[in-house]
Each structure stands twice: as C-alpha cells, then as structure tokens.
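Participant: What follows is a single structure, and I will ask about it in a moment.
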Amino acid sequence: MNTFDEIVAADRRVEPRDDMPDGYRRTMVRQIAQHAHSEIIGMQPEGDWITRAPSLRRKAILLAKVQDEAGHGLYLYSAAETLGVERTDLTERLISGRQKYSSIFNYPALSYADVGVIGWLVDGAAICNQVPLCRSSYGPYARAMIRICKEESFHQRQGYELLMTMMRGTRAQQEAVQNAVDRWWWPSLMMFGPPDADSPNTAQSMAWKIKRHTNDELRQRFVDMTVPQADRLGVRLPDPELRWNAERGHHDFGTPDWDELRRVISGGGHCNAERIERRRAAHENGAWVREAAEAYAAKHGRERRAA
Ligand code: BYC
C-alpha cells in the first residue's frame, strides 16, 4: 500500500480508490469538468456549419469531428465521476455558471474558413496542451487523454487540409482564411490560460504532476510549432512582434490581451450567453431521453432480479 505522496513521487498513477488530499480531488474535478464542458460547448461553433458545408465530403468530415467532441465530453464526464461527482450535477453547474469552459468557444465562427482555422489553431493548441496530460497523475484522466489526443490529431489535420485547399482557391477564399486567422490567433494563445505569474493553480498542479508544463511553456511550444505551418500555408499571423530569437531558440511574440481573457472567462465574451442558453435548451429537450433510459434500466434490473 502506497501513500498518495509516494505514488506521485514515483511517477505512478493515482487511481479512484487511492487516498488523495481533498485539494487534489477538488482540482481534478474542476479541471476534468471544465475540460468536459469545453468539449460539449465546443461542438456549437462548428456544429452551426454542418448544414452549410460546401460538399458532401466536407460535411462527412465535419460531422465526424463534432461527434468525436461529444465522445470526448463523455469520456471526460466518466473520468470525473470516478472522483465521486455526478455528471448531472456537473451539467447543472455549467448551466448555472458555477463552472467554466474554455474561453475560445465564446468567439463566433463566421465563415467556412473558420472551420478550418478552428481545426488548425484551436485543435492544434488543444493537442499541445493535452499530449502532456496523457502523463497526468490521475489515472482515469490520463487514460482518457490518450484516445482524445489521437482524435484531436485527425481534427487538426482536417483543418489544415481544408485551409490548404482554400489557399489554392480563389482570392475570396484566401481572404476568408486570412480573416479567420486574424480573428482566432490571439484567442488561441489565450486557451493556455493566464501567464504563469497570474496563474493561481499552476504551482500546486505541477507539484501534484497534474500539469507537466506551465501555461507559458505550452504557449511558447504552440507558437514555435505553428509559425512554420503558417508559412507553408501562406498566411500571416497577426502579431508584429513575432520573430525568431536565435539566442533563445524560440520565437518571440506579443502579449495577448489578458483583460479580454478575464472578460471572456467571466461571461463577457461575444457568445457566452448564447452558448449557455443553447446548452440549457439541449439539456431540457433531452429530459425525455434520460427518463426513458432510466425506465429501461429499471425494467431490465427488475427482470434480472426476478430471473
Ligand atoms: N478558458 O490557474 P490557472 C477542445 C481558468 S476543448 C476558461 O492557469 P489551471 C476542443 C482556470 O480553469 C479543450 N477558463 O488554471 C473542443 C482557473 O479556473 P478557476 C479544452 C480558463 O487549471 C471542441 C483560472 O482560470 N482544454 O480541444 O492550472 C472543438 C486560473 O487559471 C482558461 C482543456 O480543458 C481559459 N482559456 O490551467 C475543438 C485542457 N484558462 O480556478 C477543440 C485542460 C484558465 O478560477 N485544462 N482558465 O476555476 C488545462 O490544461 C488547464 O485547466 C488550463 C488552465 C491550462 C486551461
């Protein structure tokens, strides 16, 4: 029998039945729930484009991607439930504004180019953030992340391929791509969270090996990964301070508008109210499905007991 500290020190996984500090449990519930909510709310900006996809092929790809996101939400709610919380309760906390979801999904997807840019930048940022989480100390979360990351790689590739196609297209298509990049670049950098100096949770989450890198380290990794992809694509990243720094071996880049991140996280983004309202409506409209599933489970439980 190992104590929590021994498990973490030995870089093994903490499992649901292991003793863990209350703060660790609370942090895991918070992060996993926020992550699950992000996947579910994240279906909305792209979901709006399913009926307006420009071809059957694009529609099939987008449908598959959005369905994957629903699946990610479900694995993550299941991982959270291993910590003693209920999915219904977490959904209530989301709808009532007591739990957060990623700031990025409070921006609107204005054209089909946005679908490509979400895949390239938003899923690209998600991969950078989530690959290290496959080694997160909480077993059920780390294991869920392995499959999620594989699917995110497909999401990123489909976005990049869509943008490549548009960049080989008409002038109007190229401009739509550039316009979408201009709108999504800074919000994508904000996905990694506040700067380390203003991140209240990073130090403890690093000590518990929930997080393996700080917010700023991952943001830098994302910028370094994305700049050559932008060059290849032929788009301009909207940051006049972005340049290679040979001494550091990294790109220097400008400062995101942290006031905007704070505003969006606390409900003041373009789409916060609309996203939550739709989630609430979907939850209420789905009540009959939950009731039917419960009635079915109760009936089969009775039959099994009788047998
Ligand atoms: N947006 O101390 P910090 C996807 C919160 S979905 C909103 O640095 P932490 C996809 C933070 O939670 C992928 N809130 O916190 C889906 C904390 O909240 P509390 C989503 C943010 O946890 C569909 C407070 O600010 N990915 O890929 O150490 C379509 C202070 O921050 C944000 C995940 O959820 C933000 N951007 O680090 C396409 C990844 N940033 O304590 C794609 C898992 C910070 O006030 N999560 N906050 O409640 C994480 O890795 C970490 O939780 C974070 C933040 C890096 C996000």
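So you can find residues: chains in the structure tokens are A, B, ... in the order shown, residues in each start at 1, and ligands are numbered from 1 in order.
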Which polymer residues have any atom within 6 Å of an atom of Ser103 of chain A, counting only C-alpha atoms, with same-chain residues fewer than 3 positions away left out, as an NGL selection string?

Facilitator: :A and (106 or 264-265)

Participant: Got a sec: who's within 9 Å of segment 62-73 of chain A, counting only C-alpha atoms, leaving out chain neighbours fewer than 2 positions off, as a ChimeraX atom specification?

Facilitator: /A:33,35-40,42-44,46-47,49-50,53,57-60,75-78,115,144-145,147-148,151-152,154-155,158

Participant: Per residue of chain A within 6 Å of ligand 1, what are the shortest atom pair and its distance in Å to one decimal, counting only C-alpha atoms and all ligand atoms, with rows by chain and residue number, as a Markdown table?

Facilitator:
```
| residue | atom | partner | partner_atom_place_in_ligand_line | distance |
| --- | --- | --- | --- | --- |
| A:Gln31 | CA | ligand 1 | 52 (O) | 4.9 |
| A:Gln34 | CA | ligand 1 | 34 (O) | 5.6 |
| A:His35 | CA | ligand 1 | 34 (O) | 3.4 |
| A:Ser38 | CA | ligand 1 | 6 (S) | 4.6 |
| A:Glu39 | CA | ligand 1 | 16 (C) | 4.0 |
| A:Gly42 | CA | ligand 1 | 23 (C) | 3.7 |
| A:Met43 | CA | ligand 1 | 23 (C) | 5.4 |
| A:Glu69 | CA | ligand 1 | 23 (C) | 5.6 |
| A:Lys100 | CA | ligand 1 | 14 (N) | 5.8 |
| A:Tyr101 | CA | ligand 1 | 7 (C) | 5.2 |
| A:Ser102 | CA | ligand 1 | 1 (N) | 3.5 |
| A:Ser103 | CA | ligand 1 | 1 (N) | 3.7 |
| A:Val122 | CA | ligand 1 | 42 (C) | 5.6 |
| A:Asp123 | CA | ligand 1 | 42 (C) | 4.8 |
| A:Ala126 | CA | ligand 1 | 27 (O) | 4.4 |
| A:Asn129 | CA | ligand 1 | 50 (O) | 5.9 |
| A:Met190 | CA | ligand 1 | 36 (N) | 5.3 |
| A:Met191 | CA | ligand 1 | 36 (N) | 3.6 |
| A:Phe192 | CA | ligand 1 | 55 (C) | 4.7 |
| A:Gly193 | CA | ligand 1 | 40 (N) | 3.2 |
| A:Pro194 | CA | ligand 1 | 8 (O) | 5.4 |
| A:Ser199 | CA | ligand 1 | 2 (O) | 3.7 |
| A:Pro200 | CA | ligand 1 | 2 (O) | 4.1 |
| A:Asn201 | CA | ligand 1 | 2 (O) | 3.7 |
| A:Thr202 | CA | ligand 1 | 28 (O) | 4.4 |
| A:Asn215 | CA | ligand 1 | 55 (C) | 5.8 |
| A:Ile265 | CA | ligand 1 | 7 (C) | 5.1 |
```

Participant: I need the residues of segment 64-205 of chain A that end up classed as alpha helix (DSSP H) by DSSP on the backbone, written out as an MDAnalysis selection string.

Facilitator: chainID A and resid 64:81 87:95 112:117 123:130 139:167 171:190 202:205

Participant: If we count only C-alpha atoms, what is near Val29 of chain A at a cut-off of 12 Å, once residues fewer than 2 positions away on the same chain are taken out, given as an NGL selection string?

Facilitator: :A and (16 or 22-27 or 31-37 or 76-87 or 89-90 or 93 or 99-100 or 138 or 140-141 or 210)

Participant: Restrict the calculation to only C-alpha atoms, then for each residue of segment 197-234 of chain A with any atom at most 12 Å from an atom of segment 240-243 of chain A give the closest atom pair and their distance in Å to one decimal, rows by chain and rising residue number, as a Markdown table.

Facilitator:
```
| residue | atom | partner | partner_atom | distance |
| --- | --- | --- | --- | --- |
| A:Gln220 | CA | A:Leu242 | CA | 11.5 |
| A:Val223 | CA | A:Leu242 | CA | 9.2 |
| A:Asp224 | CA | A:Arg243 | CA | 10.1 |
| A:Thr226 | CA | A:Leu242 | CA | 11.6 |
| A:Val227 | CA | A:Leu242 | CA | 9.0 |
| A:Pro228 | CA | A:Arg243 | CA | 11.5 |
```

Participant: Create the file for the chosen residues now, containing N, CA and C atoms and written as a JSON list (two decimals), in the first residue's frame.

Facilitator:
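See result.json below for the written result:
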```json
[["chain", "number", "residue", "atom", "x", "y", "z"],
["A", 220, "GLN", "N", 4.43, 28.85, -25.60],
["A", 220, "GLN", "CA", 5.63, 29.01, -26.43],
["A", 220, "GLN", "C", 5.78, 27.83, -27.40],
["A", 223, "VAL", "N", 3.40, 28.35, -30.29],
["A", 223, "VAL", "CA", 3.84, 29.37, -31.25],
["A", 223, "VAL", "C", 4.95, 28.79, -32.13],
["A", 224, "ASP", "N", 5.93, 28.13, -31.51],
["A", 224, "ASP", "CA", 7.05, 27.58, -32.28],
["A", 224, "ASP", "C", 6.57, 26.54, -33.29],
["A", 226, "THR", "N", 3.55, 26.45, -34.68],
["A", 226, "THR", "CA", 2.58, 26.98, -35.64],
["A", 226, "THR", "C", 3.19, 27.90, -36.68],
["A", 227, "VAL", "N", 4.25, 28.63, -36.33],
["A", 227, "VAL", "CA", 4.82, 29.60, -37.27],
["A", 227, "VAL", "C", 5.23, 28.94, -38.60],
["A", 228, "PRO", "N", 5.98, 27.83, -38.59],
["A", 228, "PRO", "CA", 6.33, 27.22, -39.89],
["A", 228, "PRO", "C", 5.09, 26.71, -40.65]]
```
